[in-house]
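Participant: Take a look at the following structure, please.
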Amino acid sequence: MTVSTHVATALGVTTATMALVNHFAGYSIQTEHIAQFIIFVLIGAVFPDIDEPESWIGKRTIIISHFIKFLFGHRGMTHTLLSTIIILAVPMVYSSFIKEVDVHFMWMVYGFTTGWLMHSVGDAHTKGGVPIFLPFKKKKYHILPKTMRFKTNTWVEHMIYAPLYNLMTLASSYLMYVDGYISIV
Ligand SMILES: [Zn+2]
């Protein structure tokens, strides 16, 4: 999956979840925290492909990228539940040792972790699938039936899936606006 579709998928799923939780459970997040969260969802959604030097993020971190690919291979450890847990656990453990936890920092951590996981959700749409339970299970998982899976960077991705997720973001934003979750001054 290309970087733009990863961003669209992460944004679509996240905004839809926020809109639905707000609509049905009445839970809302402060505006500044939404901004911190969403920005880091987008950053987190890009990072797992650091294991591929030809990816958008890989080209910008070329030495680290080659090193990670050498260690784990592409769509390896950065595309797993375990790496997601580690990314969340490290700052959580760190913050448990300091007296005053910075709430803004924690929203950024939640955002980055969510984006990181959403990246694997995105790749699970493709024919290649994702070995989400590495290193415990090598099996690659998908979230779509066989006939609906697509190859990365093909017309199906750009003409169908990315627009669908963009539509999801628009619909969710509209729902949040109607619910008074977000307002345009
Ligand atoms: Zn990937």
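Starting from 1 in every chain, residues are counted up; chains themselves are A, B, ... following the order of the structure tokens, and ligands are numbered from 1 as listed.
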What parts of region 73-175 of chain A does DSSP call strand (DSSP E or B)? I'd like the answer as a ChimeraX atom specification.
Facilitator: /A:126,130,141,150
Participant: Output N, CA and C atoms for every residue in the selection just made, as an mmCIF file, in the first residue's frame.
Facilitator:
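Now in part.cif:
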```cif
data_model
loop_
_atom_site.group_PDB
_atom_site.id
_atom_site.type_symbol
_atom_site.label_atom_id
_atom_site.label_comp_id
_atom_site.auth_asym_id
_atom_site.auth_seq_id
_atom_site.Cartn_x
_atom_site.Cartn_y
_atom_site.Cartn_z
ATOM 1 N N THR A 126 -4.168 -5.838 1.263
ATOM 2 C CA THR A 126 -3.479 -6.218 0.027
ATOM 3 C C THR A 126 -3.302 -7.737 -0.084
ATOM 4 N N VAL A 130 -0.392 -9.400 6.134
ATOM 5 C CA VAL A 130 0.492 -8.912 7.197
ATOM 6 C C VAL A 130 0.733 -10.019 8.241
ATOM 7 N N TYR A 141 -1.902 -12.381 7.550
ATOM 8 C CA TYR A 141 -3.346 -12.211 7.713
ATOM 9 C C TYR A 141 -3.906 -11.142 6.776
ATOM 10 N N PHE A 150 -6.036 -6.452 -3.200
ATOM 11 C CA PHE A 150 -5.386 -5.845 -4.364
ATOM 12 C C PHE A 150 -3.877 -5.781 -4.179
#
```
Participant: Return as a PyMOL selection string the residues of protein, DNA or RNA that approach ligand 1 to within 7 Å, with only C-alpha atoms and all ligand atoms taken into account.
Facilitator: chain A and resi 1+48-49+75+79+119-120+123
Participant: Emit the selected residues as a PDB file, in the first residue's frame, including N, CA and C atoms.
Facilitator:
```
ATOM      1  N   MET A   1       0.840  -1.192   0.000  1.00  0.00           N
ATOM      2  CA  MET A   1       0.000   0.000   0.000  1.00  0.00           C
ATOM      3  C   MET A   1       0.883   1.254   0.000  1.00  0.00           C
ATOM      4  N   PRO A  48       5.873   2.408   9.799  1.00  0.00           N
ATOM      5  CA  PRO A  48       6.238   0.988   9.712  1.00  0.00           C
ATOM      6  C   PRO A  48       6.949   0.605   8.411  1.00  0.00           C
ATOM      7  N   ASP A  49       6.746   1.368   7.328  1.00  0.00           N
ATOM      8  CA  ASP A  49       7.451   1.051   6.082  1.00  0.00           C
ATOM      9  C   ASP A  49       8.903   1.528   6.086  1.00  0.00           C
ATOM     10  N   ARG A  75       7.833  -5.775   5.689  1.00  0.00           N
ATOM     11  CA  ARG A  75       6.605  -6.304   6.297  1.00  0.00           C
ATOM     12  C   ARG A  75       6.943  -7.393   7.309  1.00  0.00           C
ATOM     13  N   HIS A  79       5.454  -4.509  11.288  1.00  0.00           N
ATOM     14  CA  HIS A  79       4.051  -4.709  10.929  1.00  0.00           C
ATOM     15  C   HIS A  79       3.412  -5.748  11.864  1.00  0.00           C
ATOM     16  N   HIS A 119      -1.423   1.161  10.040  1.00  0.00           N
ATOM     17  CA  HIS A 119      -0.598   0.836   8.880  1.00  0.00           C
ATOM     18  C   HIS A 119      -0.749  -0.647   8.527  1.00  0.00           C
ATOM     19  N   SER A 120      -0.690  -1.494   9.544  1.00  0.00           N
ATOM     20  CA  SER A 120      -0.829  -2.940   9.306  1.00  0.00           C
ATOM     21  C   SER A 120      -2.246  -3.281   8.854  1.00  0.00           C
ATOM     22  N   ASP A 123      -2.169  -2.550   5.188  1.00  0.00           N
ATOM     23  CA  ASP A 123      -1.481  -3.584   4.403  1.00  0.00           C
ATOM     24  C   ASP A 123      -2.256  -4.902   4.395  1.00  0.00           C
TER      25      ASP A 123
END
```
Participant: Determine which residues of chain A receive a DSSP assignment of helix (DSSP H, G or I), computed from the backbone, and state them as a VMD selection string.
Facilitator: chain A and resid 3 to 25 31 to 51 56 to 60 62 to 72 77 to 79 81 to 97 103 to 123 146 to 148 155 to 178
Participant: Tell me which of A:Thr84, A:Asn22, A:Thr113, A:Thr2 sits closest to Phe37 (chain A), counting only C-alpha atoms.
Facilitator: A:Thr113
Participant: Just the number, please: distance in Å from CA of Val3 (chain A) to CA of Phe70 (chain A), one decimal.
Facilitator: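 We find that CA of Val3 (chain A) and CA of Phe70 (chain A) lie 21.4 Å from each other.
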Participant: Figure out the distance between CA of Val109 (chain A) and CA of Ala89 (chain A), please, to one decimal in Å.
Facilitator: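 It comes out at 9.8 Å.
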Participant: Which residue gives the smallest distance to Ile43 (chain A) among A:His158, A:His142, A:Lys151, A:His6, with only C-alpha atoms counted?
Facilitator: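 Among the listed residues, the smallest separation from Ile43 (chain A) belongs to A:His6.
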Participant: If we count only C-alpha atoms and set the cut-off at 9 Å, which residues sit around Met106 (chain A), ignoring sequence neighbours fewer than 3 positions away in its own chain? Please answer as a list in words.
Facilitator: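 Once the adjacent positions are removed, what remains is Phe37, Pro91, Met92, Ser95, Val101, Asp102, Val103, Val109, Tyr110 and Gly111 of chain A.
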Participant: Let me see the file: selected residues, C-alpha atoms, as a short mmCIF file (atom, residue, chain, number, x, y, z; two decimals), in the first residue's frame.
Facilitator:
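Below is the file that was written, out.cif:
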```cif
data_model
loop_
_atom_site.label_atom_id
_atom_site.label_comp_id
_atom_site.auth_asym_id
_atom_site.auth_seq_id
_atom_site.Cartn_x
_atom_site.Cartn_y
_atom_site.Cartn_z
CA PHE A 37 -3.81 12.73 18.27
CA PRO A 91 6.50 5.79 26.85
CA MET A 92 3.87 4.47 29.29
CA SER A 95 5.77 8.24 32.17
CA VAL A 101 2.90 13.12 33.06
CA ASP A 102 2.49 15.47 30.11
CA VAL A 103 -1.02 14.87 28.83
CA VAL A 109 1.87 8.61 21.90
CA TYR A 110 -1.70 7.30 21.56
CA GLY A 111 -1.89 8.84 18.10
#
```
